[in-house]
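One file, target_24.cif, is given below (mmCIF, C-alpha atoms).
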data_data
loop_
_atom_site.label_atom_id
_atom_site.label_comp_id
_atom_site.auth_asym_id
_atom_site.auth_seq_id
_atom_site.Cartn_x
_atom_site.Cartn_y
_atom_site.Cartn_z
CA MET A 1 36.01 20.29 -11.15
CA LYS A 2 36.49 18.77 -14.56
CA VAL A 3 34.68 21.31 -16.73
CA LEU A 4 36.58 24.21 -15.13
CA LYS A 5 39.96 22.51 -15.61
CA GLU A 6 39.12 21.83 -19.25
CA LYS A 7 38.22 25.48 -19.73
CA ILE A 8 41.50 26.56 -18.09
CA ILE A 9 43.47 24.24 -20.37
CA LYS A 10 41.58 25.46 -23.44
CA GLU A 11 41.60 29.21 -22.75
CA GLY A 12 44.04 29.92 -19.93
CA THR A 13 47.53 31.30 -20.50
CA ALA A 14 50.50 30.83 -18.18
CA ILE A 15 52.64 33.99 -18.06
CA GLY A 16 56.00 33.09 -16.54
CA THR A 17 55.73 30.88 -13.47
CA GLU A 18 53.43 33.13 -11.42
CA ILE A 19 50.53 34.46 -13.47
CA LEU A 20 47.62 32.52 -14.94
CA LYS A 21 45.49 34.55 -17.29
CA VAL A 22 41.88 33.41 -17.50
CA ASP A 23 40.26 36.66 -18.49
CA SER A 24 38.32 35.14 -21.38
CA PHE A 25 35.87 33.47 -18.97
CA LEU A 26 36.53 34.39 -15.35
CA ASN A 27 37.63 37.93 -14.62
CA HIS A 28 37.13 40.27 -17.56
CA GLN A 29 34.93 38.47 -20.04
CA MET A 30 32.78 36.05 -18.05
CA ASP A 31 31.10 32.76 -18.87
CA ILE A 32 28.05 32.96 -16.64
CA GLU A 33 26.77 29.48 -17.51
CA LEU A 34 30.09 28.02 -16.31
CA MET A 35 29.90 30.18 -13.19
CA GLU A 36 26.45 28.74 -12.46
CA GLU A 37 27.96 25.27 -12.69
CA MET A 38 30.61 26.40 -10.23
CA GLY A 39 27.85 27.72 -7.97
CA ARG A 40 26.17 24.30 -7.99
CA GLU A 41 29.50 22.69 -7.16
CA PHE A 42 30.00 25.06 -4.21
CA LYS A 43 26.52 24.12 -3.04
CA ARG A 44 27.41 20.44 -3.25
CA ARG A 45 30.64 20.96 -1.31
CA PHE A 46 29.15 23.22 1.37
CA ASP A 47 25.77 21.52 1.48
CA HIS A 48 25.88 20.79 5.21
CA CYS A 49 26.42 24.50 5.96
CA LYS A 50 23.60 26.91 6.57
CA VAL A 51 24.68 30.05 4.71
CA ASP A 52 23.15 33.36 5.80
CA LYS A 53 25.34 35.54 3.64
CA ILE A 54 27.90 35.34 0.85
CA LEU A 55 30.88 37.71 1.08
CA THR A 56 33.27 38.57 -1.73
CA VAL A 57 35.45 41.49 -2.80
CA GLU A 58 35.23 43.76 -5.81
CA ALA A 59 35.61 43.44 -8.69
CA SER A 60 36.15 39.99 -10.12
CA GLY A 61 34.62 38.06 -7.21
CA ILE A 62 31.23 39.69 -7.67
CA ALA A 63 29.96 37.70 -10.66
CA ILE A 64 30.71 34.26 -9.26
CA ALA A 65 29.41 35.21 -5.81
CA SER A 66 26.20 36.56 -7.34
CA VAL A 67 25.38 33.56 -9.50
CA THR A 68 26.29 31.24 -6.61
CA ALA A 69 23.64 32.91 -4.42
CA ARG A 70 20.81 31.26 -6.41
CA CYS A 71 22.22 27.81 -5.54
CA PHE A 72 22.08 28.59 -1.81
CA GLY A 73 18.50 29.91 -1.88
CA TYR A 74 19.37 33.59 -2.34
CA PRO A 75 21.26 34.69 0.76
CA CYS A 76 22.31 38.34 0.44
CA VAL A 77 25.64 38.87 -1.27
CA VAL A 78 27.96 41.55 0.11
CA PHE A 79 31.06 42.71 -1.69
CA ALA A 80 33.89 44.43 0.15
CA LYS A 81 34.88 47.69 -1.50
CA LYS A 82 38.44 48.79 -2.03
CA ALA A 83 37.80 52.53 -1.61
CA THR A 84 35.49 54.90 0.21
CA PRO A 85 32.99 56.54 -2.13
CA ASN A 86 31.22 59.58 -0.73
CA THR A 87 27.96 57.64 -0.46
CA MET A 88 29.47 55.46 2.28
CA THR A 89 28.70 57.49 5.38
CA ASP A 90 28.23 54.74 7.95
CA ASP A 91 30.63 52.93 10.14
CA TYR A 92 32.40 50.12 8.40
CA TYR A 93 34.83 47.31 9.04
CA THR A 94 38.19 47.61 7.33
CA SER A 95 40.98 45.16 6.72
CA GLU A 96 44.19 45.52 4.75
CA ALA A 97 45.14 43.21 1.88
CA LYS A 98 47.99 43.18 -0.59
CA SER A 99 46.96 42.29 -4.13
CA PHE A 100 49.26 39.80 -5.81
CA THR A 101 48.42 40.82 -9.38
CA LYS A 102 48.28 44.55 -8.76
CA GLY A 103 51.17 44.60 -6.30
CA LYS A 104 49.53 47.19 -4.08
CA VAL A 105 47.93 47.31 -0.66
CA SER A 106 44.18 47.98 -0.47
CA ASP A 107 41.79 48.57 2.39
CA PHE A 108 38.79 46.28 2.16
CA ILE A 109 35.68 48.00 3.48
CA VAL A 110 32.33 46.50 4.54
CA SER A 111 29.54 48.52 6.09
CA LYS A 112 28.75 47.38 9.63
CA LYS A 113 25.07 47.26 8.66
CA TYR A 114 25.63 44.30 6.37
CA LEU A 115 27.33 41.82 8.67
CA ALA A 116 25.58 40.78 11.85
CA GLN A 117 26.76 38.90 14.90
CA GLY A 118 26.26 35.15 14.58
CA GLU A 119 25.66 35.16 10.83
CA LYS A 120 27.07 32.20 8.91
CA VAL A 121 29.14 33.64 6.08
CA LEU A 122 30.45 31.85 2.99
CA ILE A 123 33.38 33.64 1.37
CA ILE A 124 33.52 33.26 -2.43
CA ASP A 125 36.25 34.53 -4.74
CA ASP A 126 37.55 33.87 -8.23
CA PHE A 127 41.23 33.46 -7.36
CA LEU A 128 43.37 32.42 -4.41
CA ALA A 129 47.10 33.18 -4.54
CA SER A 130 48.85 34.32 -1.35
CA GLY A 131 45.56 34.26 0.55
CA GLU A 132 45.74 37.95 1.50
CA ALA A 133 42.30 38.80 0.11
CA SER A 134 40.53 35.83 1.72
CA LEU A 135 42.29 36.45 5.04
CA ALA A 136 41.24 40.11 4.97
CA LEU A 137 37.64 38.99 4.45
CA THR A 138 37.82 36.48 7.32
CA ARG A 139 39.11 39.22 9.65
CA ILE A 140 36.15 41.41 8.71
CA VAL A 141 33.66 38.58 9.33
CA GLU A 142 35.21 37.84 12.71
CA GLU A 143 35.36 41.47 13.74
CA ALA A 144 31.60 41.52 13.11
CA GLY A 145 31.15 38.54 15.43
CA ALA A 146 29.94 36.48 12.48
CA ASN A 147 31.28 33.05 11.48
CA VAL A 148 33.11 31.93 8.36
CA VAL A 149 31.48 28.63 7.43
CA GLY A 150 33.74 28.17 4.43
CA ILE A 151 35.79 29.68 1.65
CA GLY A 152 34.94 28.75 -1.94
CA ILE A 153 37.47 29.60 -4.65
CA ALA A 154 37.28 29.04 -8.39
CA VAL A 155 41.03 28.83 -9.13
CA GLU A 156 43.69 28.32 -6.45
CA LYS A 157 47.33 28.83 -7.32
CA GLY A 158 48.51 26.11 -4.97
CA PHE A 159 52.16 27.16 -5.14
CA GLN A 160 51.66 30.63 -3.64
CA GLY A 161 50.84 29.54 -0.11
CA GLY A 162 47.35 30.95 0.37
CA GLY A 163 45.63 27.58 0.66
CA GLU A 164 48.06 26.34 3.31
CA LYS A 165 47.69 29.55 5.29
CA LEU A 166 43.88 29.39 5.30
CA ARG A 167 43.78 25.68 6.19
CA ALA A 168 46.35 26.24 8.95
CA GLU A 169 44.02 28.83 10.46
CA GLY A 170 41.27 26.19 10.45
CA TYR A 171 39.11 27.41 7.60
CA ARG A 172 37.32 24.97 5.37
CA LEU A 173 38.61 25.84 1.92
CA GLU A 174 37.18 24.38 -1.27
CA SER A 175 38.92 25.29 -4.53
CA LEU A 176 37.35 24.04 -7.76
CA ALA A 177 40.69 23.90 -9.59
CA VAL A 178 44.12 23.89 -7.93
CA ILE A 179 47.16 24.77 -10.02
CA GLU A 180 50.32 23.04 -8.84
CA ALA A 181 52.73 24.86 -11.14
CA LEU A 182 53.04 27.08 -14.21
CA ARG A 183 56.06 26.03 -16.27
CA ASP A 184 57.17 26.83 -19.82
CA GLY A 185 53.67 27.95 -20.72
CA GLU A 186 52.23 24.74 -19.29
CA ILE A 187 49.50 24.62 -16.66
CA ILE A 188 49.91 21.73 -14.22
CA PHE A 189 46.99 20.87 -11.95
CA LYS A 190 47.22 19.33 -8.54
CA GLU A 191 45.65 15.88 -8.45
CA GLU A 192 42.34 15.80 -6.60
CA GLN A 193 42.31 13.73 -3.45
CA MET B 1 9.12 48.33 -12.29
CA LYS B 2 6.88 48.14 -9.26
CA VAL B 3 8.86 45.75 -7.06
CA LEU B 4 12.05 47.79 -7.51
CA LYS B 5 10.32 51.08 -6.67
CA GLU B 6 8.82 49.51 -3.54
CA LYS B 7 12.26 48.31 -2.51
CA ILE B 8 13.72 51.80 -3.09
CA ILE B 9 10.96 53.37 -0.97
CA LYS B 10 11.45 50.78 1.77
CA GLU B 11 15.25 50.74 1.93
CA GLY B 12 16.59 53.71 -0.06
CA THR B 13 17.83 56.89 1.59
CA ALA B 14 17.93 60.32 -0.06
CA ILE B 15 21.04 62.23 0.99
CA GLY B 16 20.56 65.88 0.11
CA THR B 17 19.07 66.42 -3.33
CA GLU B 18 21.68 64.49 -5.31
CA ILE B 19 22.50 61.15 -3.73
CA LEU B 20 20.26 58.11 -3.41
CA LYS B 21 21.71 55.41 -1.22
CA VAL B 22 20.52 51.91 -2.07
CA ASP B 23 23.46 49.94 -0.81
CA SER B 24 21.31 47.51 1.18
CA PHE B 25 20.21 45.73 -2.01
CA LEU B 26 21.92 47.12 -5.12
CA ASN B 27 25.56 48.14 -4.79
CA HIS B 28 27.16 46.89 -1.60
CA GLN B 29 24.83 44.29 -0.14
CA MET B 30 22.90 42.80 -3.04
CA ASP B 31 19.50 41.17 -3.34
CA ILE B 32 20.19 38.66 -6.12
CA GLU B 33 16.59 37.44 -6.33
CA LEU B 34 15.46 41.01 -7.04
CA MET B 35 18.26 41.39 -9.59
CA GLU B 36 17.00 38.27 -11.35
CA GLU B 37 13.56 39.88 -11.56
CA MET B 38 15.24 42.93 -13.05
CA GLY B 39 17.02 40.66 -15.54
CA ARG B 40 13.67 39.21 -16.62
CA GLU B 41 12.30 42.73 -17.02
CA PHE B 42 15.29 43.72 -19.19
CA LYS B 43 14.61 40.63 -21.30
CA ARG B 44 10.96 41.68 -21.68
CA ARG B 45 11.95 45.22 -22.69
CA PHE B 46 14.74 44.22 -25.08
CA ASP B 47 13.08 41.04 -26.31
CA HIS B 48 13.19 42.02 -29.99
CA CYS B 49 16.99 42.47 -29.79
CA LYS B 50 19.45 39.72 -30.45
CA VAL B 51 22.11 40.19 -27.77
CA ASP B 52 25.57 38.75 -28.42
CA LYS B 53 27.22 40.30 -25.41
CA ILE B 54 26.42 42.19 -22.22
CA LEU B 55 28.80 45.00 -21.26
CA THR B 56 29.02 46.68 -17.87
CA VAL B 57 31.64 48.40 -15.73
CA GLU B 58 33.18 47.41 -12.42
CA ALA B 59 32.24 47.15 -9.69
CA SER B 60 28.55 47.60 -8.96
CA GLY B 61 27.31 46.83 -12.48
CA ILE B 62 28.78 43.33 -12.46
CA ALA B 63 26.16 41.56 -10.35
CA ILE B 64 23.11 42.80 -12.24
CA ALA B 65 24.81 42.22 -15.60
CA SER B 66 25.76 38.68 -14.58
CA VAL B 67 22.34 37.59 -13.35
CA THR B 68 20.75 39.23 -16.41
CA ALA B 69 22.84 37.03 -18.72
CA ARG B 70 20.78 33.93 -17.83
CA CYS B 71 17.62 35.69 -19.09
CA PHE B 72 19.20 36.33 -22.48
CA GLY B 73 20.45 32.75 -22.93
CA TYR B 74 23.95 33.28 -21.50
CA PRO B 75 25.73 35.72 -23.78
CA CYS B 76 29.22 36.49 -22.46
CA VAL B 77 29.37 39.34 -19.96
CA VAL B 78 32.31 41.74 -20.17
CA PHE B 79 33.06 44.29 -17.51
CA ALA B 80 35.16 47.36 -18.25
CA LYS B 81 37.98 47.76 -15.74
CA LYS B 82 38.94 51.06 -14.19
CA ALA B 83 42.67 50.37 -13.91
CA THR B 84 45.39 48.39 -15.65
CA PRO B 85 46.47 45.37 -13.66
CA ASN B 86 49.73 43.79 -14.74
CA THR B 87 47.92 40.75 -16.11
CA MET B 88 46.39 42.90 -18.87
CA THR B 89 49.04 42.69 -21.53
CA ASP B 90 46.93 42.92 -24.67
CA ASP B 91 45.67 45.85 -26.60
CA TYR B 92 42.56 47.38 -25.18
CA TYR B 93 39.98 50.04 -25.85
CA THR B 94 39.93 52.92 -23.39
CA SER B 95 37.41 55.65 -22.72
CA GLU B 96 37.35 58.31 -20.05
CA ALA B 97 34.45 58.74 -17.62
CA LYS B 98 33.89 60.98 -14.64
CA SER B 99 32.23 59.25 -11.70
CA PHE B 100 29.44 61.27 -10.11
CA THR B 101 29.63 59.60 -6.69
CA LYS B 102 33.40 59.37 -6.50
CA GLY B 103 34.03 62.74 -8.18
CA LYS B 104 37.03 61.46 -10.08
CA VAL B 105 37.91 60.66 -13.67
CA SER B 106 38.57 57.01 -14.56
CA ASP B 107 39.77 55.29 -17.68
CA PHE B 108 37.46 52.45 -18.66
CA ILE B 109 39.42 49.62 -20.25
CA VAL B 110 38.17 46.67 -22.31
CA SER B 111 40.47 44.16 -23.99
CA LYS B 112 40.14 44.24 -27.77
CA LYS B 113 39.78 40.45 -27.71
CA TYR B 114 36.38 40.65 -26.04
CA LEU B 115 34.48 42.97 -28.38
CA ALA B 116 34.17 42.02 -32.03
CA GLN B 117 33.04 43.93 -35.06
CA GLY B 118 29.31 43.59 -35.69
CA GLU B 119 28.47 42.19 -32.25
CA LYS B 120 25.18 43.31 -30.74
CA VAL B 121 25.94 44.64 -27.28
CA LEU B 122 23.52 45.34 -24.46
CA ILE B 123 24.93 47.74 -21.85
CA ILE B 124 23.71 47.06 -18.30
CA ASP B 125 24.44 49.17 -15.23
CA ASP B 126 23.03 49.69 -11.77
CA PHE B 127 22.85 53.50 -11.85
CA LEU B 128 22.52 56.28 -14.39
CA ALA B 129 23.25 59.83 -13.27
CA SER B 130 25.10 62.17 -15.63
CA GLY B 131 25.44 59.38 -18.19
CA GLU B 132 29.24 59.57 -18.27
CA ALA B 133 29.74 55.87 -17.54
CA SER B 134 27.20 54.67 -20.11
CA LEU B 135 28.56 57.05 -22.72
CA ALA B 136 32.10 55.82 -22.11
CA LEU B 137 30.85 52.25 -22.65
CA THR B 138 29.05 53.20 -25.89
CA ARG B 139 32.24 54.81 -27.21
CA ILE B 140 34.17 51.60 -26.52
CA VAL B 141 31.53 49.47 -28.28
CA GLU B 142 31.58 51.75 -31.30
CA GLU B 143 35.35 51.91 -31.47
CA ALA B 144 35.23 48.10 -31.71
CA GLY B 145 32.84 48.34 -34.65
CA ALA B 146 30.17 46.64 -32.56
CA ASN B 147 26.60 47.92 -32.06
CA VAL B 148 24.83 49.10 -28.93
CA VAL B 149 21.39 47.49 -29.13
CA GLY B 150 20.26 49.06 -25.87
CA ILE B 151 21.14 50.37 -22.44
CA GLY B 152 19.41 48.82 -19.43
CA ILE B 153 19.66 50.65 -16.11
CA ALA B 154 18.28 49.68 -12.71
CA VAL B 155 17.93 53.18 -11.22
CA GLU B 156 18.05 56.38 -13.27
CA LYS B 157 18.39 59.71 -11.52
CA GLY B 158 16.27 61.53 -14.07
CA PHE B 159 17.28 64.97 -12.85
CA GLN B 160 20.98 64.62 -13.63
CA GLY B 161 20.73 64.69 -17.41
CA GLY B 162 22.17 61.29 -18.34
CA GLY B 163 18.93 59.88 -19.73
CA GLU B 164 18.36 62.90 -21.97
CA LYS B 165 21.92 62.78 -23.24
CA LEU B 166 21.74 59.07 -24.14
CA ARG B 167 18.32 59.38 -25.81
CA ALA B 168 19.51 62.46 -27.74
CA GLU B 169 22.34 60.35 -29.13
CA GLY B 170 19.75 57.85 -30.33
CA TYR B 171 20.30 55.03 -27.84
CA ARG B 172 17.42 52.93 -26.65
CA LEU B 173 17.48 53.40 -22.88
CA GLU B 174 15.33 51.39 -20.50
CA SER B 175 15.50 52.33 -16.81
CA LEU B 176 13.54 50.17 -14.39
CA ALA B 177 13.02 53.03 -11.92
CA VAL B 178 13.40 56.73 -12.73
CA ILE B 179 13.85 59.18 -9.85
CA GLU B 180 12.41 62.61 -10.64
CA ALA B 181 13.70 64.34 -7.51
CA LEU B 182 15.17 63.85 -4.06
CA ARG B 183 13.72 66.40 -1.64
CA ASP B 184 13.74 66.65 2.14
CA GLY B 185 14.58 62.99 2.45
CA GLU B 186 11.76 62.08 0.09
CA ILE B 187 12.21 60.01 -3.07
CA ILE B 188 9.94 61.12 -5.92
CA PHE B 189 9.59 58.81 -8.90
CA LYS B 190 8.85 59.87 -12.44
CA GLU B 191 5.49 58.55 -13.61
CA GLU B 192 5.82 55.73 -16.12
CA GLN B 193 4.48 56.51 -19.57
#
Would you put the structure from the file into structure tokens?
Amino acid sequence: MKVLKEKIIKEGTAIGTEILKVDSFLNHQMDIELMEEMGREFKRRFDHCKVDKILTVEASGIAIASVTARCFGYPCVVFAKKATPNTMTDDYYTSEAKSFTKGKVSDFIVSKKYLAQGEKVLIIDDFLASGEASLALTRIVEEAGANVVGIGIAVEKGFQGGGEKLRAEGYRLESLAVIEALRDGEIIFKEEQ
Amino acid sequence: MKVLKEKIIKEGTAIGTEILKVDSFLNHQMDIELMEEMGREFKRRFDHCKVDKILTVEASGIAIASVTARCFGYPCVVFAKKATPNTMTDDYYTSEAKSFTKGKVSDFIVSKKYLAQGEKVLIIDDFLASGEASLALTRIVEEAGANVVGIGIAVEKGFQGGGEKLRAEGYRLESLAVIEALRDGEIIFKEEQ
């Protein structure tokens, strides 16, 4: 997606060969107008899919998932939590995921009330690296007897294996920008096919 | 705000006298269409204010802040983080807040790059209880030399003191639904003036 790549080139920072910092528009400060454009692009790419629900994970997936909902006719958005606040008294699905940036293992938690058998679920997230977060979400959807109709990602770090893993498991993955490498402060995109 | 109160009556659950559970539409599963209506109502109530930036805190404030941005002509949205991921290398503002529902103290963190002196900041959050979270956000805004033009809250628990505290400090607070009491499973709203 051209406008996203231009924004990454303009405002993104490569730190070493592993980390891409895009916190001026994606995951700390957020450009909501750009996110709405991304939402429309997800709609274009997943247009054949009936989407009953959008699933993401706190915190930085929430904004893009929320503004994407409008483009799909306002399905409910559910975000997986990473902890158990004392207001969460019901049964919930859990799945473990290791965060690449934070280097720690979290339990993703979704209340059983908010995923129903047979629902068509679109997973949306801001970043894809090793694929741990998306895989944890797919396990939750499947444990609920619901179906993952697709996975929509803003920025995929194509060199960290997550995309391959998800495609190998048969998921339809659409990433709006795929980074092939980070080298000497340079951000190299994968050519679109 | 009538439609929000009706939704709270229909789907909210009072747990004891302190906790109101609204996770079917506000802070776990989210009704984005309703949040957009709330965004329009915030715009109506803060219409005289020029808003340069919307500030919230992860995780459950992000959705309502993000969909509200459209109504104000897409100012940037910034969410305060509650931890320090290893991608956050810059200087940041911090402020301490005690979470009512989680019962623990967090540091709120905002990169200094994303709040500028003189900016007019609208604080948006899903819940107001003791006011700790909103106060922590106001301290960050003021440390940056920016100005809090208002605080917009979806649901205020009017019996936990936060609203009084914020108004006593001179902030313009607009809560779309104010709960006066939770009693025997009943949700009692404060009359609108």
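Atom pair atom CA of Gly145 of chain A / atom CA of Phe127 of chain A: separated by 25.4 Å.
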Contact set, chain A to chain B: 7 Å, only C-alpha atoms, as a ChimeraX atom specification: /A:21,28-33,58-59,62-63,66-67,69,74,76-79,85-87,101-102,114
Contacts of Phe42 of chain B within 10 Å, only C-alpha atoms, excl. fewer than 6 positions in-chain, as a PyMOL selection string: chain B and resi 36+68+71-72+122+124+150-154+174-176
Ground truth for the PyMOL selection byres ((chain B and resi 138) around 12), written as an MDAnalysis selection string: chainID B and resid 54:57 80 93:97 108 110 115 120:124 131:137 139:151 166 169:173
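You will find atom CA of Gly185 of chain B at 7.0 Å from atom CA of Gly16 of chain B.
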Do you have the atom CA of Gly163 of chain A-atom CA of Asp125 of chain A distance handy?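 We find that atom CA of Gly163 of chain A and atom CA of Asp125 of chain A lie 12.9 Å from each other.
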